[in-house]
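Asks: File name run-v7.txt; file contents compact mmCIF, C-alpha atoms and all ligand atoms; full text below.
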# COMPACT_ATOMS: atom_id res chain seq x y z
CA MET T 23 0.00 0.00 0.00
CA VAL T 24 1.22 3.49 -0.83
CA GLN T 25 2.09 5.77 2.09
CA ILE T 26 -0.41 8.62 2.06
CA VAL T 27 0.49 12.01 3.52
CA TYR T 28 -1.39 15.27 3.96
CA LEU T 29 -0.05 18.52 2.57
CA ASN T 30 -1.87 21.86 2.59
CA GLY T 31 -5.41 20.61 2.10
CA ALA T 32 -4.88 17.37 0.16
CA PHE T 33 -4.12 13.73 0.91
CA LEU T 34 -1.61 12.35 -1.62
CA PRO T 35 1.12 9.69 -2.00
CA LEU T 36 4.35 10.56 -0.17
CA GLU T 37 6.31 10.50 -3.46
CA GLU T 38 4.08 13.23 -4.89
CA ALA T 39 4.29 15.62 -1.92
CA ARG T 40 6.42 18.68 -2.76
CA VAL T 41 7.33 21.78 -0.76
CA PRO T 42 8.92 24.87 -2.38
CA VAL T 43 12.57 25.43 -1.42
CA LEU T 44 11.70 28.85 0.01
CA ASP T 45 9.54 27.25 2.69
CA ARG T 46 10.71 28.75 5.99
CA GLY T 47 10.87 25.27 7.45
CA PHE T 48 13.58 24.44 4.89
CA ILE T 49 15.34 27.81 5.06
CA PHE T 50 15.16 28.62 8.80
CA GLY T 51 13.75 25.55 10.56
CA ASP T 52 10.92 27.97 11.35
CA GLY T 53 8.13 25.66 12.47
CA VAL T 54 6.85 23.24 15.08
CA TYR T 55 5.77 19.61 15.11
CA GLU T 56 4.02 16.85 17.01
CA VAL T 57 4.42 13.06 17.12
CA ILE T 58 1.25 11.19 18.08
CA PRO T 59 1.00 7.43 18.43
CA ALA T 60 -2.16 5.63 17.31
CA TYR T 61 -2.94 2.18 18.71
CA SER T 62 -5.49 0.00 16.90
CA ARG T 63 -6.11 3.17 14.85
CA HIS T 64 -7.04 5.16 17.99
CA PRO T 65 -4.94 8.31 18.38
CA PHE T 66 -3.39 8.30 21.85
CA ARG T 67 -4.07 11.38 24.00
CA LEU T 68 -4.94 13.49 20.95
CA ALA T 69 -6.40 16.35 22.99
CA GLU T 70 -3.16 16.61 25.00
CA HIS T 71 -1.01 16.51 21.85
CA LEU T 72 -3.12 19.26 20.29
CA GLN T 73 -2.78 21.34 23.45
CA ARG T 74 0.99 20.98 23.31
CA LEU T 75 0.91 21.87 19.60
CA GLN T 76 -0.93 25.07 20.52
CA HIS T 77 1.72 25.81 23.17
CA SER T 78 4.46 25.35 20.56
CA LEU T 79 2.63 27.54 18.02
CA ASP T 80 2.13 30.25 20.65
CA GLY T 81 5.84 29.95 21.50
CA ILE T 82 6.83 30.83 17.94
CA ARG T 83 3.93 33.28 17.42
CA LEU T 84 2.34 31.27 14.61
CA PHE T 85 -1.45 31.19 14.23
CA ASN T 86 -2.98 27.71 14.51
CA PRO T 87 -4.30 27.03 10.99
CA HIS T 88 -6.90 24.51 12.25
CA SER T 89 -9.46 24.19 15.00
CA ASP T 90 -9.32 21.08 17.20
CA VAL T 91 -12.31 19.68 15.31
CA GLU T 92 -10.44 20.08 12.01
CA TRP T 93 -7.30 18.48 13.46
CA HIS T 94 -9.38 15.53 14.69
CA GLU T 95 -10.78 15.13 11.16
CA LEU T 96 -7.34 15.34 9.55
CA VAL T 97 -5.83 12.87 12.01
CA ARG T 98 -8.70 10.42 11.49
CA GLY T 99 -8.38 10.82 7.72
CA LEU T 100 -4.64 10.16 7.78
CA ILE T 101 -4.94 7.07 9.97
CA ALA T 102 -7.72 5.64 7.78
CA ARG T 103 -5.68 6.08 4.59
CA ASN T 104 -2.60 4.29 5.90
CA GLU T 105 -1.68 0.71 6.62
CA GLY T 106 -1.14 -0.75 10.05
CA GLU T 107 -3.25 -0.88 13.17
CA ASP T 108 -0.49 0.88 15.14
CA GLN T 109 0.93 4.01 13.53
CA TYR T 110 2.70 7.13 14.61
CA LEU T 111 1.62 10.41 13.14
CA TYR T 112 3.93 13.32 12.43
CA LEU T 113 2.33 16.81 12.24
CA HIS T 114 4.47 19.67 10.98
CA ILE T 115 3.57 23.34 10.58
CA THR T 116 5.93 25.98 9.22
CA ARG T 117 5.61 29.72 8.72
CA GLY T 118 5.09 29.10 5.01
CA VAL T 119 6.81 30.07 1.79
CA ALA T 120 8.30 33.56 1.48
CA ARG T 121 11.30 35.49 0.17
CA ARG T 122 14.22 34.82 2.53
CA ASP T 123 14.12 37.35 5.36
CA HIS T 124 14.47 36.53 9.05
CA ALA T 125 11.50 38.74 9.95
CA PHE T 126 8.05 37.12 9.80
CA PRO T 127 6.39 37.40 6.38
CA GLN T 128 3.01 39.18 6.21
CA ASP T 129 -0.13 37.27 5.16
CA THR T 130 1.73 34.08 4.23
CA PRO T 131 -0.28 30.90 4.79
CA PRO T 132 1.52 28.30 6.93
CA THR T 133 2.60 24.99 5.44
CA VAL T 134 0.81 22.03 7.03
CA PHE T 135 2.27 18.57 6.53
CA MET T 136 1.26 15.27 8.14
CA MET T 137 2.50 11.73 7.64
CA SER T 138 1.98 8.35 9.23
CA SER T 139 4.61 5.66 9.82
CA PRO T 140 4.27 2.12 11.18
CA LEU T 141 4.70 1.88 14.94
CA ALA T 142 6.42 -1.35 15.93
CA PRO T 143 6.33 -2.69 19.50
CA ALA T 144 9.62 -2.72 21.40
CA ALA T 145 11.75 -5.81 20.76
CA PRO T 146 11.36 -8.41 23.55
CA ALA T 147 15.13 -8.30 24.27
CA LEU T 148 14.91 -4.58 24.84
CA ARG T 149 12.05 -4.99 27.28
CA GLU T 150 13.93 -7.80 29.02
CA HIS T 151 17.35 -6.16 29.32
CA GLY T 152 16.85 -2.44 28.77
CA VAL T 153 19.00 -0.07 26.75
CA VAL T 154 22.38 1.61 27.05
CA ALA T 155 22.68 5.40 27.36
CA ILE T 156 25.42 7.99 27.63
CA THR T 157 25.35 11.50 29.10
CA ALA T 158 26.29 14.80 27.48
CA PRO T 159 26.05 18.48 28.37
CA ASP T 160 22.72 19.96 27.30
CA ASN T 161 23.85 22.69 24.91
CA ARG T 162 20.40 23.49 23.49
CA TRP T 163 18.56 26.82 23.74
CA LEU T 164 16.35 27.87 26.66
CA ARG T 165 12.96 27.11 25.06
CA CYS T 166 13.13 23.31 25.00
CA ASP T 167 9.41 23.32 25.91
CA ILE T 168 8.67 24.28 22.27
CA LYS T 169 8.54 21.27 19.98
CA ALA T 170 10.49 23.08 17.26
CA ILE T 171 11.40 21.44 13.94
CA SER T 172 14.86 23.04 14.22
CA LEU T 173 16.34 19.95 15.87
CA LEU T 174 20.03 20.30 15.00
CA PRO T 175 21.23 20.24 18.64
CA ASN T 176 19.05 17.19 19.35
CA VAL T 177 20.30 15.50 16.18
CA LEU T 178 23.95 16.06 17.13
CA LEU T 179 23.36 14.94 20.73
CA ARG T 180 21.50 11.84 19.64
CA GLN T 181 24.27 10.95 17.17
CA LEU T 182 26.72 10.90 20.11
CA ALA T 183 24.67 7.98 21.45
CA VAL T 184 24.67 6.20 18.09
CA ASP T 185 28.44 6.68 17.78
CA ALA T 186 28.85 5.14 21.25
CA GLY T 187 26.58 2.18 20.42
CA ALA T 188 23.94 3.56 22.81
CA ALA T 189 20.21 4.14 22.45
CA GLU T 190 19.93 7.61 23.95
CA THR T 191 21.90 10.60 25.20
CA VAL T 192 20.82 11.82 28.64
CA LEU T 193 21.29 15.57 28.93
CA LEU T 194 22.71 17.44 31.91
CA ARG T 195 22.53 21.19 32.36
CA ASP T 196 24.29 22.99 35.23
CA GLY T 197 24.56 19.78 37.23
CA PHE T 198 20.92 18.72 36.77
CA LEU T 199 19.10 16.24 34.55
CA SER T 200 17.00 17.86 31.83
CA GLU T 201 15.82 15.08 29.47
CA GLY T 202 17.02 12.81 26.68
CA ALA T 203 17.93 13.95 23.15
CA ALA T 204 14.50 12.68 22.04
CA SER T 205 12.85 11.47 25.26
CA ASN T 206 12.10 12.36 28.87
CA ILE T 207 14.07 10.75 31.67
CA PHE T 208 12.90 9.40 35.04
CA VAL T 209 15.01 8.17 37.96
CA VAL T 210 14.05 5.71 40.71
CA LYS T 211 15.78 6.02 44.08
CA ASP T 212 14.76 4.10 47.22
CA GLY T 213 11.37 3.25 45.74
CA VAL T 214 10.51 6.84 44.76
CA LEU T 215 10.03 7.89 41.15
CA LEU T 216 11.83 11.18 40.51
CA ALA T 217 11.13 13.44 37.53
CA PRO T 218 12.48 16.85 36.53
CA PRO T 219 9.78 19.56 36.51
CA LYS T 220 8.15 20.58 33.24
CA ASP T 221 9.80 23.92 32.60
CA HIS T 222 11.52 25.67 29.69
CA LEU T 223 14.46 23.25 29.86
CA MET T 224 12.57 20.17 28.66
CA LEU T 225 9.78 19.11 26.37
CA PRO T 226 6.60 18.47 28.39
CA GLY T 227 6.21 14.86 27.32
CA ILE T 228 2.79 13.33 26.88
CA THR T 229 4.23 9.93 27.90
CA TYR T 230 5.85 11.65 30.92
CA ASP T 231 2.37 12.74 32.07
CA VAL T 232 0.95 9.25 31.54
CA VAL T 233 3.76 7.70 33.59
CA LEU T 234 3.22 10.11 36.51
CA GLU T 235 -0.54 9.53 36.37
CA LEU T 236 -0.06 5.75 36.35
CA ALA T 237 2.38 6.01 39.27
CA ALA T 238 -0.21 7.98 41.27
CA ALA T 239 -3.01 5.58 40.32
CA HIS T 240 -1.00 2.54 41.44
CA GLY T 241 0.46 3.98 44.63
CA ILE T 242 4.05 4.41 43.42
CA PRO T 243 5.43 7.43 45.28
CA SER T 244 6.76 10.11 42.96
CA ARG T 245 8.41 13.49 43.31
CA VAL T 246 8.65 16.15 40.61
CA ALA T 247 11.71 18.24 41.43
CA PRO T 248 15.11 19.03 39.91
CA VAL T 249 17.21 15.84 39.72
CA ALA T 250 20.89 16.38 40.48
CA GLU T 251 23.54 14.65 38.37
CA SER T 252 24.70 12.77 41.50
CA THR T 253 21.15 11.40 41.96
CA LEU T 254 21.10 10.26 38.34
CA ARG T 255 24.47 8.54 38.75
CA GLY T 256 23.38 6.88 42.00
CA ALA T 257 19.97 5.82 40.66
CA ASP T 258 18.46 2.39 41.34
CA GLU T 259 16.63 2.63 38.00
CA ILE T 260 16.55 5.05 35.08
CA TRP T 261 13.75 5.10 32.50
CA LEU T 262 13.27 6.93 29.25
CA THR T 263 9.84 7.76 27.86
CA SER T 264 8.55 8.89 24.49
CA SER T 265 5.55 8.45 22.23
CA THR T 266 7.44 6.09 19.94
CA ARG T 267 9.44 4.20 22.60
CA GLU T 268 6.87 4.20 25.42
CA VAL T 269 8.73 3.37 28.66
CA GLN T 270 12.18 1.79 28.43
CA ALA T 271 14.68 0.92 31.15
CA ILE T 272 18.18 2.38 30.83
CA THR T 273 20.37 -0.31 32.35
CA ARG T 274 23.84 1.11 31.62
CA LEU T 275 24.84 4.76 31.80
CA ASP T 276 28.24 5.90 30.57
CA GLY T 277 29.45 2.31 30.72
CA SER T 278 28.39 1.63 34.34
CA PRO T 279 25.43 -0.56 35.33
CA VAL T 280 22.33 1.24 36.61
CA GLY T 281 21.31 -0.55 39.85
CA THR T 282 21.67 -4.26 39.16
CA GLY T 283 22.26 -3.66 35.45
CA GLU T 284 18.86 -5.17 34.61
CA PRO T 285 15.45 -3.46 34.42
CA GLY T 286 14.31 -2.86 37.99
CA PRO T 287 11.11 -3.91 39.77
CA LEU T 288 9.39 -0.53 39.39
CA PHE T 289 10.11 -0.52 35.67
CA ARG T 290 8.54 -3.97 35.33
CA LYS T 291 5.42 -2.70 37.09
CA MET T 292 5.22 0.54 35.08
CA ASP T 293 5.76 -1.28 31.78
CA GLN T 294 2.78 -3.51 32.62
CA PHE T 295 0.61 -0.58 33.79
CA TYR T 296 1.43 1.22 30.54
CA GLN T 297 0.50 -1.77 28.37
CA ASP T 298 -2.74 -2.23 30.34
CA TYR T 299 -3.56 1.46 29.96
CA LYS T 300 -2.95 1.30 26.19
CA ALA T 301 -5.26 -1.70 26.00
CA THR T 302 -8.12 0.32 27.55
CA ILE T 303 -7.68 2.93 24.80
CA MET T 304 -7.77 0.25 22.11
CA ARG T 305 -11.00 -1.21 23.46
CA GLN T 306 -12.83 2.09 23.04
CA PRO T 307 -15.30 2.34 20.13
CA SER T 308 -13.72 2.97 16.74
CA PRO T 309 -12.85 6.64 16.19
N1 LIG H 1 10.16 13.11 20.58
N2 LIG H 1 11.85 15.25 24.84
C1 LIG H 1 12.24 15.38 23.56
C2 LIG H 1 13.38 16.28 23.25
C3 LIG H 1 11.57 14.68 22.55
O1 LIG H 1 11.95 14.82 21.26
C4 LIG H 1 10.50 13.81 22.89
C5 LIG H 1 9.74 13.02 21.88
C6 LIG H 1 10.13 13.70 24.24
C7 LIG H 1 9.00 12.83 24.70
O2 LIG H 1 7.74 13.43 24.46
P1 LIG H 1 6.44 12.52 24.18
O3 LIG H 1 6.31 11.59 25.32
O4 LIG H 1 5.34 13.49 24.10
O5 LIG H 1 6.70 11.78 22.88
C8 LIG H 1 10.81 14.45 25.19
C9 LIG H 1 9.42 12.53 19.49
C10 LIG H 1 8.95 11.14 19.70
C11 LIG H 1 10.19 12.76 18.20
O6 LIG H 1 10.74 13.83 18.07
O7 LIG H 1 10.19 11.90 17.32
The structure given in the file should be rewritten as structure tokens.
Replies:
Amino acid sequence: MVQIVYLNGAFLPLEEARVPVLDRGFIFGDGVYEVIPAYSRHPFRLAEHLQRLQHSLDGIRLFNPHSDVEWHELVRGLIARNEGEDQYLYLHITRGVARRDHAFPQDTPPTVFMMSSPLAPAAPALREHGVVAITAPDNRWLRCDIKAISLLPNVLLRQLAVDAGAAETVLLRDGFLSEGAASNIFVVKDGVLLAPPKDHLMLPGITYDVVLELAAAHGIPSRVAPVAESTLRGADEIWLTSSTREVQAITRLDGSPVGTGEPGPLFRKMDQFYQDYKATIMRQPSP
């Protein structure tokens, strides 16, 4: 089946989708995006993703080209036109096509692009043994709460992990944990789940919220507060979360085992709670 994307009002095959080279997304990285998982063709936490999209648009002073009702329609249309019960959707809005000038163009319609890709479940070995991560200084800007398409710092930081044979780079700023290059990071110490606060130094993850809600619902104590580098390095467990990776245990950090070097007991519980929670979404009536 052909991969169908959405571009500026039309659904069309990916190969036919074209954007002019003067698009400000191409020239300046001037735009924002969202990544939304869909399980059994049900978009996961769509309202929350659309809220975060609005926050990102507000952050770059770009008018939202669609109402929530229109976004729901577009998302439903994209899912229906693509293969696979589980998909992840990519939404991308730029400040449109204009003569190159840093200042905002006047009366230029934004470019709206959406695509869907297959969402594969985590490999059993990964769930069983966790992943390896490294740390690096967080050298990004001070508006990491905006899901900006200009991802060069994240790309470079993530490549450090790839070069080291690791799955993620955990970022440290001024002696504190911020997040991963493309994920949020949690720490477990003495049975308490620790998470950095949602501020301008990290992306407010949708999966992050789900994990904290599930912890509260199942009586796992949690504390949202700055996490010092020493706490990260002395952690019993470290987890990463994202829409495409769900919850994964980091079992080695910078070459040293985290806790026992295997996914810990709280991770095992949270992984199960997360799968159970997803299943309740999938059982809802068809969207
Ligand atoms: N990224 N922090 C960063 C920097 C991220 O890029 C992501 C996700 C997250 C996790 O957010 P959420 O739980 O809402 O997916 C945190 C997506 C998956 C991406 O860029 O592909």
Asks: Would you mind reading off the distance between CA of Asp258 (chain T) and CA of Asp212 (chain T), one decimal, in Å?
Replies: 7.2 Å
Asks: Would you mind listing the residues within 8 Å of ligand LIG 1 (chain H), counting only C-alpha atoms and all ligand atoms, as a list in words?
Replies: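 Written in the requested form, the residues are Glu56, Val57, Ile58, His71, Cys166, Lys169, Asn176, Glu201, Gly202, Ala203, Ala204, Ser205, Asn206, Met224, Leu225, Pro226, Gly227, Ile228, Thr229, Tyr230, Asp231, Thr263, Ser264, Ser265, Thr266, Arg267 and Glu268 of chain T.
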Asks: Fewer than 5 positions away in the same chain doesn't count, so skip those; otherwise give me all residues within 10 Å of region 93-109 of chain T, counting all atoms listed in the file, as a PyMOL selection string.
Replies: chain T and resi 23-28+31-34+58-65+68-69+72+87-88+136-143+266+309
Asks: Skipping near chain neighbours, those fewer than 3 positions away, what residues fall within 12 Å of Leu174 (chain T) using all atoms listed in the file, listed as a VMD selection string?
Replies: chain T and resid 50 to 51 161 to 163 170 to 171 177 to 181 203 to 204
Asks: Could you work out how far CA of Ile207 (chain T) lies from CA of Ile260 (chain T), giving the answer in Å with one decimal?
Replies: 7.1 Å
Asks: Counting all atoms listed in the file, which residue out of T:His240, T:Arg46, T:Arg149, T:His222 sits closest to Arg122 (chain T)?
Replies: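 Under the stated criterion, the closest residue is T:Arg46.
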Asks: Please measure the separation of CA of Glu37 (chain T) and CA of Asn86 (chain T), giving the value in Å to one decimal.
Replies: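 Interatomic distance here is 26.6 Å.
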Asks: Using all atoms listed in the file, can you tell me which of T:Tyr296, T:Phe135, T:Trp261, T:Phe198 comes closest to Glu284 (chain T)?
Replies: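 That would be T:Trp261, the residue with the smallest distance to Glu284 (chain T).
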Asks: Using only C-alpha atoms, which of T:Ala147, T:Leu173, T:Ala120, T:Phe66 sits nearest Val54 (chain T)?
Replies: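 Comparing T:Ala147, T:Leu173, T:Ala120, T:Phe66 against Val54 (chain T), the winner is T:Leu173.
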Asks: For Ala186 (chain T), please output as a ChimeraX atom specification all residues within 10 Å (counting all atoms listed in the file; exclusion window: fewer than 3 positions along the same chain).
Replies: /T:154-156,181-183,189-191,276-277
Asks: For Pro287 (chain T), please output as a list in words all residues within 10 Å (counting all atoms listed in the file; exclusion window: fewer than 4 positions along the same chain).
Replies: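 Skipping anything fewer than 4 positions along the chain leaves Gly213, Asp258, Glu259, Lys291, Met292 and Asp293 of chain T.
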Asks: Find the residue from T:Ala188, T:His151, T:Ala239, T:Pro159 that sits nearest to Gly283 (chain T); use only C-alpha atoms when measuring.
Replies: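 Using only C-alpha atoms, the shortest distance to Gly283 (chain T) belongs to T:His151.
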